[in-house]
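Trainee: Below is a structure I'd like to ask you about.
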Amino acid sequence: SHPGDSREPPIADTIVTLRKSYRFSENSAIGTLSRAIRDGQPAEAKRILRSSNTDECLWENLPSQPAIKDYLRKIVQTYYLPLYQTGNPQDALSYFDRFRILCASRQGPYGVESINRQIISILISMGIISSGETHYKGLPLMITGNDYGLNLYNGDTGLLFPDNESRGLKAIFNAPDGTLKKYIPRQISAWETAYAMTVHKSQGSEFDHILLILPPIQNPVLTRELLYTAVTRARKKVILWSTEPILEHTISSKTTRSSGLRKLLWGAC
């Protein structure tokens with residue numbers, strides 16, 4: 001199944017009950033943290049985050065807007081530089097699939113669109129890409145509509161990468177059989193940059209490490225179900241950027257089933 005195919009927002013209905021996860025052990029910090037979130041226990045979640053700090057779960061106070069680029073620069077150096085340093089397309093996809101930045105929503109200074117823009121700005125300042133380039137080696141992309149002719153589906157992620165045969169950039173994706181699917185970029189009409197993605201779009205995916213960024217202002221999408229979904233995407237490490245009040249509020253808030261909020265959740269993604 002593909003993470004974007006469902007017509008209803010799954011967070012409200014299916015994430016409320018804990019499914020057994022095989023990404024991480026139940027006794028790991030990620031396992032115990034996810035249960036504390038599921039059970040609505042902010043004090044226990046904070047205790048786990050503080051006792052595990054730097055190891056499996058790293059909780060840092062949300063950087064101010066002026067400081068966030070410095071924080072993101074370290075993330076780029078750790079997780080995204082390998083995409084640009086390798087000449088092997090499958091290695092590049094492997095690096096990309098190990099890590100993702102997850103945001104609660106698309107808009108705002110801590111949303112997907114702003115974080116993607118800032119990462120591109122950092123890559124330009126590091127000399128990795130040129131200002132004004134819209135297509136470049138290592139550009140991560142996420143499909144935003146089903147294309148049955150190309151066998152690409154909403155939520156699929158890949159990279160632009162040099163193709164040895166055509167000498168141009170191709171959009172590359174992992175196929176289920178372990179081979180690469182390659183496309184000329186102009187074949188793909190519905191896509192967006194994907195250094196960061198919404199928690200909603202990450203459903204069905206898993207990564208070794210995730211960075212979850214929660215905005216500093218209360219928002220109806222900030223619920224324990226959203227936080228649980230984000231934390232359980234990670235196999236090995238969760239990095240959380242959040243203020244303490246927002247973390248407490250999020251763990252204490254359950255998704256309501258009112259149609260208004262369901263529309264808001266769906267629209268934020």
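Ordered as shown in the structure tokens, chains take letters A, B, and onward, while each chain numbers its residues from 1 and ligands are numbered from 1 in the order shown.
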Give me every strand (DSSP E) residue in stretch 80-204 of chain A, going by DSSP on the backbone, as an MDAnalysis selection string.

Mentor: chainID A and resid 99:103 140:143 157:162 169:174 180:183 191:193 196:198

Trainee: Can you tell me which residues surround stretch 161-168 of chain A at a distance of at most 12 Å, considering only C-alpha atoms, apart from same-chain residues fewer than 5 positions away, and format the answer as a list in words?

Mentor: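 Residues near the query, excluding close chain neighbours: Leu83, Tyr84, Gln85, Thr86, Gly87, Asn88, Pro89, Gln90, Asp91, Ala92, Leu93, His135, Tyr136, Lys137, Gly138, Leu139, Pro140, Leu141, Phe173, Leu180, Lys181, Lys182, Tyr183, Ile184, Pro185 and Arg186 of chain A.
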
Trainee: Fewer than 5 positions away in the same chain doesn't count, so skip those; otherwise give me all residues within 12 Å of A:Ser121, counting only C-alpha atoms, as a ChimeraX atom specification.

Mentor: /A:69-70,72-73,76,114-116,126-133

Trainee: Go ahead and save the picked residues with C-alpha atoms, as a compact mmCIF listing (two decimals), in the first residue's frame.

Mentor:
# COMPACT_ATOMS: atom_id res chain seq x y z
CA LYS A 69 19.39 27.86 10.32
CA ASP A 70 22.47 27.14 12.48
CA LEU A 72 19.64 22.94 10.46
CA ARG A 73 23.19 23.39 9.13
CA VAL A 76 22.54 19.01 6.74
CA SER A 114 9.95 26.94 5.38
CA ILE A 115 12.30 24.13 6.46
CA ASN A 116 12.78 22.98 2.85
CA MET A 126 27.95 25.63 1.41
CA GLY A 127 28.55 25.66 -2.35
CA ILE A 128 26.78 22.31 -2.82
CA ILE A 129 24.18 23.70 -5.23
CA SER A 130 23.97 26.94 -7.22
CA SER A 131 21.51 29.72 -6.48
CA GLY A 132 18.49 29.54 -8.76
CA GLU A 133 18.94 25.84 -9.61

Trainee: Need to verify the contact set: A:Arg38, 12 Å, only C-alpha atoms, exclusion of same-chain residues closer than 5 positions in sequence. Can you return it as a list in words?

Mentor: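 The filter keeps Ile15, Val16, Thr17, Leu18, Arg19, Gly31, Thr32, Leu33, Glu44, Ala45, Thr223, Arg224, Glu225, Leu226, Leu227, Tyr228, Thr229, Ala230, Val231, Thr232, Thr250, Ile251, Ser252, Ser253, Lys254 and Thr255 of chain A.
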
Trainee: Going by DSSP on the backbone, which residues of stretch 23-190 of chain A come out as helix (DSSP H, G or I)? List them as number ranges by chain.

Mentor: A: 29-38, 42-52, 68-85, 89-97, 112-125, 185-187

Trainee: Out of A:Ser52, A:Asn151, A:Gln77, A:Gln203, which residue has the shortest atom-to-atom distance to A:Val238 when counting only C-alpha atoms?

Mentor: A:Ser52

Trainee: Which one of A:Thr243, A:Val221, A:Pro215, A:Thr193 sits closest to A:Gly108 if you count only C-alpha atoms?

Mentor: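 The answer is A:Pro215, which sits nearest to A:Gly108.
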